[in-house]
Amino acid sequence: MRIERTALADLAWGAAFLGSGGGGDPYYSLLLAEAAFERSGGFELIGLDEIADDALVAPCGWIGAPTVSVEKLPNGNEAVSGLRRLEAIMGRRIDAVLPIEIGGGNGLAPFLAAAELGVPVLDCDGMGRAFPESQMAIFNIRGLSACPSIVTDASGALAVIETTDNDAHERIARGLSVSMGGIAHMVEYPLSGAQAKATAIPGSVSTACAIGAAVRRARADGRSSFAALERAVEATGLYPYCRTLFDGKIVDLERETRGGFSVGRVIIEGLRSSSRMMIEFQNENLAAWGDGVLRAIVPDLITIMDSETADAITTERLKYGQRVRVVAAAAPAQLRDATALSFVGPAAFGYDTPFVPVERLNAEIAA
């Protein structure tokens, strides 16, 4: 499958929604991808079944605080330099790249490198959304090593991480990203084709494209973007439930950059009622309460969107007074089993509530 210019914009829109508020605003990544498109003439997206079992596959993306990425822009070479170093370490060419997470700007990150390396992008990712920490990737959940890992920045700095502990890898990589100005690019979890087939979240890149395309067509036809979004998300099968949870205006916002993360909370008040929704975030939106009642919680997706344009608003771009809709979607099944929930469920973020699927939470409320 060839990814053409229109599909890039669809991918950026879909990845912004799937980021659950994180992954970085895709605007700058889209500009860089469009420039790479002009140089290369397009990108090749291939399915997991098209990669050889003994292929070398490299996930990549950005690490750091999204608030910093708004001002500290990439130069476009970070991914390539990291991937070239991985090739030198492994003693062979990389056969394909993929996004470590499909969310936000990270959903587009591997396309820049693919154009320069002349390799395809795999139609899959490592998270099925965006998560704030490296060890929350499905590859770690399934017991694979993040190393060797390479961290690079816009100034040309490069660091290789070698650990036997993926939690230690996250701490080291996070510290490096802070020392590199708060944001850096990382190549991690080098995989064989067989490992990618066994563990990656399949079809997530084409899913993001399909979601973006459905909303684009709805806008052009004058139909409801939100209705089109909900139908398109559920039609993918990867995210089997999608609903609007709340409609209102941001009346309070607390946000700070701490420990390499953007953390805080936002309060949204209903436009025609006194109801309120509170959402807490750590790079990504983690949990949403409507009038004190839990409505959605990680790993399910919670995305705050502009009420008029239906564009996803990443956590670093939330502002007082914005009129927004809160849309939630069920996470891929791979993130909802007991093993995965120990890594990406509520307890992993310090919540003492058990995970309850978003469709159950809202069916009970509706009843």
# chains A, B, ... in the order shown; residues from 1 in each chain; ligands from 1
>>> select_by_dssp(residues="region 30-135 of chain A", states="strand (DSSP E)", output="VMD selection string")
chain A and resid 43 to 46 56 to 64 96 to 99 121 to 122 124 to 125
>>> closest_atom_pairs(of="region 170-211 of chain A", to="region 221-239 of chain A", cutoff="8 Å", atoms="only C-alpha atoms", output="Markdown table")
| residue | atom | partner | partner_atom | distance |
| --- | --- | --- | --- | --- |
| A:Ser204 | CA | A:Leu238 | CA | 7.7 |
| A:Thr207 | CA | A:Thr236 | CA | 6.3 |
| A:Ala210 | CA | A:Ala232 | CA | 7.2 |
| A:Ile211 | CA | A:Ala232 | CA | 5.4 |
>>> write_last_selection(atoms="C-alpha atoms", output="PDB file, in the first residue's frame")
ATOM      1  CA  SER A 204      -2.953   0.390  13.650  1.00  0.00           C
ATOM      2  CA  THR A 207      -6.645   2.159  11.066  1.00  0.00           C
ATOM      3  CA  ALA A 210      -9.136   5.133   7.822  1.00  0.00           C
ATOM      4  CA  ILE A 211     -10.376   7.145  10.807  1.00  0.00           C
TER       5      ILE A 211
END
>>> residues_around(residues="region 173-184 of chain A", least_positions_apart="3", cutoff="12 Å", atoms="only C-alpha atoms", output="number ranges by chain")
A: 23-24, 60-79, 82, 106, 109, 132-135, 146-163, 166-170, 187-188, 257-262
>>> atom_distance(atom1="CA of Ile94 (chain A)", atom2="CA of Leu48 (chain A)")
15.2 Å
>>> residues_around(residues="Glu308 (chain A)", least_positions_apart="2", cutoff="8 Å", atoms="only C-alpha atoms", output="list in words")
Asp306, Ala310 and Arg323 of chain A
>>> residues_around(residues="Tyr320 (chain A)", least_positions_apart="5", cutoff="9 Å", atoms="only C-alpha atoms", output="mmCIF file with C-alpha atoms, in the first residue's frame")
data_model
loop_
_atom_site.group_PDB
_atom_site.id
_atom_site.type_symbol
_atom_site.label_atom_id
_atom_site.label_comp_id
_atom_site.auth_asym_id
_atom_site.auth_seq_id
_atom_site.Cartn_x
_atom_site.Cartn_y
_atom_site.Cartn_z
ATOM 1 C CA LYS A 249 -15.975 24.441 28.060
ATOM 2 C CA ILE A 250 -12.629 24.270 29.856
ATOM 3 C CA VAL A 251 -12.983 26.253 33.086
ATOM 4 C CA ASP A 252 -9.845 25.183 34.957
ATOM 5 C CA LEU A 253 -6.452 23.818 33.929
ATOM 6 C CA VAL A 266 -8.403 19.817 33.314
#
>>> residues_around(residues="Arg142 (chain A)", least_positions_apart="5", cutoff="12 Å", atoms="only C-alpha atoms", output="list of chain:residue names")
A:Gly126, A:Met127, A:Gln135, A:Met136, A:Ala137, A:Asn166, A:Tyr189, A:Gln195, A:Ala196, A:Ala198, A:Thr199, A:Ala200, A:Ile201, A:Gln334, A:Leu335, A:Asp337, A:Thr339, A:Ala340, A:Ser342, A:Phe343
>>> write_last_selection(atoms="N, CA and C atoms", output="PDB file, in the first residue's frame")
ATOM      1  N   GLY A 126       3.564  -0.288  18.677  1.00  0.00           N
ATOM      2  CA  GLY A 126       3.880  -0.966  19.928  1.00  0.00           C
ATOM      3  C   GLY A 126       2.980  -0.662  21.092  1.00  0.00           C
ATOM      4  N   MET A 127       1.944   0.178  20.899  1.00  0.00           N
ATOM      5  CA  MET A 127       1.102   0.550  22.039  1.00  0.00           C
ATOM      6  C   MET A 127      -0.390   0.595  21.725  1.00  0.00           C
ATOM      7  N   GLN A 135       8.456   1.362  28.994  1.00  0.00           N
ATOM      8  CA  GLN A 135       8.179  -0.022  29.368  1.00  0.00           C
ATOM      9  C   GLN A 135       6.702  -0.381  29.231  1.00  0.00           C
ATOM     10  N   MET A 136       5.878   0.591  28.841  1.00  0.00           N
ATOM     11  CA  MET A 136       4.453   0.326  28.624  1.00  0.00           C
ATOM     12  C   MET A 136       4.168  -0.180  27.213  1.00  0.00           C
ATOM     13  N   ALA A 137       5.206  -0.375  26.422  1.00  0.00           N
ATOM     14  CA  ALA A 137       5.037  -0.939  25.081  1.00  0.00           C
ATOM     15  C   ALA A 137       4.645  -2.411  25.171  1.00  0.00           C
ATOM     16  N   ASN A 166      14.076  -3.371  31.506  1.00  0.00           N
ATOM     17  CA  ASN A 166      13.379  -2.344  30.740  1.00  0.00           C
ATOM     18  C   ASN A 166      12.897  -1.175  31.592  1.00  0.00           C
ATOM     19  N   TYR A 189      13.565  -1.391  21.280  1.00  0.00           N
ATOM     20  CA  TYR A 189      12.950  -2.691  21.030  1.00  0.00           C
ATOM     21  C   TYR A 189      13.221  -3.214  19.616  1.00  0.00           C
ATOM     22  N   GLN A 195       9.174 -11.761  15.778  1.00  0.00           N
ATOM     23  CA  GLN A 195       8.763 -11.121  17.029  1.00  0.00           C
ATOM     24  C   GLN A 195       7.715 -10.038  16.791  1.00  0.00           C
ATOM     25  N   ALA A 196       7.889  -9.282  15.725  1.00  0.00           N
ATOM     26  CA  ALA A 196       6.901  -8.255  15.396  1.00  0.00           C
ATOM     27  C   ALA A 196       5.535  -8.885  15.124  1.00  0.00           C
ATOM     28  N   ALA A 198       4.378 -11.629  16.286  1.00  0.00           N
ATOM     29  CA  ALA A 198       3.830 -12.252  17.489  1.00  0.00           C
ATOM     30  C   ALA A 198       3.346 -11.238  18.521  1.00  0.00           C
ATOM     31  N   THR A 199       3.867 -10.002  18.467  1.00  0.00           N
ATOM     32  CA  THR A 199       3.604  -9.082  19.574  1.00  0.00           C
ATOM     33  C   THR A 199       2.975  -7.745  19.198  1.00  0.00           C
ATOM     34  N   ALA A 200       3.281  -7.190  18.035  1.00  0.00           N
ATOM     35  CA  ALA A 200       2.863  -5.822  17.706  1.00  0.00           C
ATOM     36  C   ALA A 200       1.345  -5.712  17.590  1.00  0.00           C
ATOM     37  N   ILE A 201       0.836  -4.490  17.757  1.00  0.00           N
ATOM     38  CA  ILE A 201      -0.587  -4.211  17.566  1.00  0.00           C
ATOM     39  C   ILE A 201      -0.822  -4.092  16.064  1.00  0.00           C
ATOM     40  N   GLN A 334      -5.398  -6.440  23.140  1.00  0.00           N
ATOM     41  CA  GLN A 334      -4.070  -6.809  23.662  1.00  0.00           C
ATOM     42  C   GLN A 334      -3.707  -6.021  24.914  1.00  0.00           C
ATOM     43  N   LEU A 335      -4.325  -4.862  25.114  1.00  0.00           N
ATOM     44  CA  LEU A 335      -4.014  -4.028  26.274  1.00  0.00           C
ATOM     45  C   LEU A 335      -4.930  -4.298  27.463  1.00  0.00           C
ATOM     46  N   ASP A 337      -5.846  -7.554  28.645  1.00  0.00           N
ATOM     47  CA  ASP A 337      -5.705  -8.806  29.402  1.00  0.00           C
ATOM     48  C   ASP A 337      -4.988  -8.530  30.715  1.00  0.00           C
ATOM     49  N   THR A 339      -2.235  -9.544  32.114  1.00  0.00           N
ATOM     50  CA  THR A 339      -0.807  -9.224  32.076  1.00  0.00           C
ATOM     51  C   THR A 339      -0.596  -7.784  31.630  1.00  0.00           C
ATOM     52  N   ALA A 340      -1.264  -7.389  30.554  1.00  0.00           N
ATOM     53  CA  ALA A 340      -1.104  -6.025  30.038  1.00  0.00           C
ATOM     54  C   ALA A 340      -1.564  -4.992  31.058  1.00  0.00           C
ATOM     55  N   SER A 342      -1.365  -5.025  34.178  1.00  0.00           N
ATOM     56  CA  SER A 342      -0.365  -4.804  35.238  1.00  0.00           C
ATOM     57  C   SER A 342       0.687  -3.788  34.807  1.00  0.00           C
ATOM     58  N   PHE A 343       0.820  -3.559  33.501  1.00  0.00           N
ATOM     59  CA  PHE A 343       1.777  -2.592  32.970  1.00  0.00           C
ATOM     60  C   PHE A 343       1.119  -1.263  32.586  1.00  0.00           C
TER      61      PHE A 343
END
>>> atom_distance(atom1="CA of Glu284 (chain A)", atom2="CA of Ile297 (chain A)")
11.2 Å
>>> closest_residue(among="A:Gly14, A:Phe43, A:Met186, A:Leu32", to="Leu86 (chain A)", atoms="only C-alpha atoms")
A:Met186
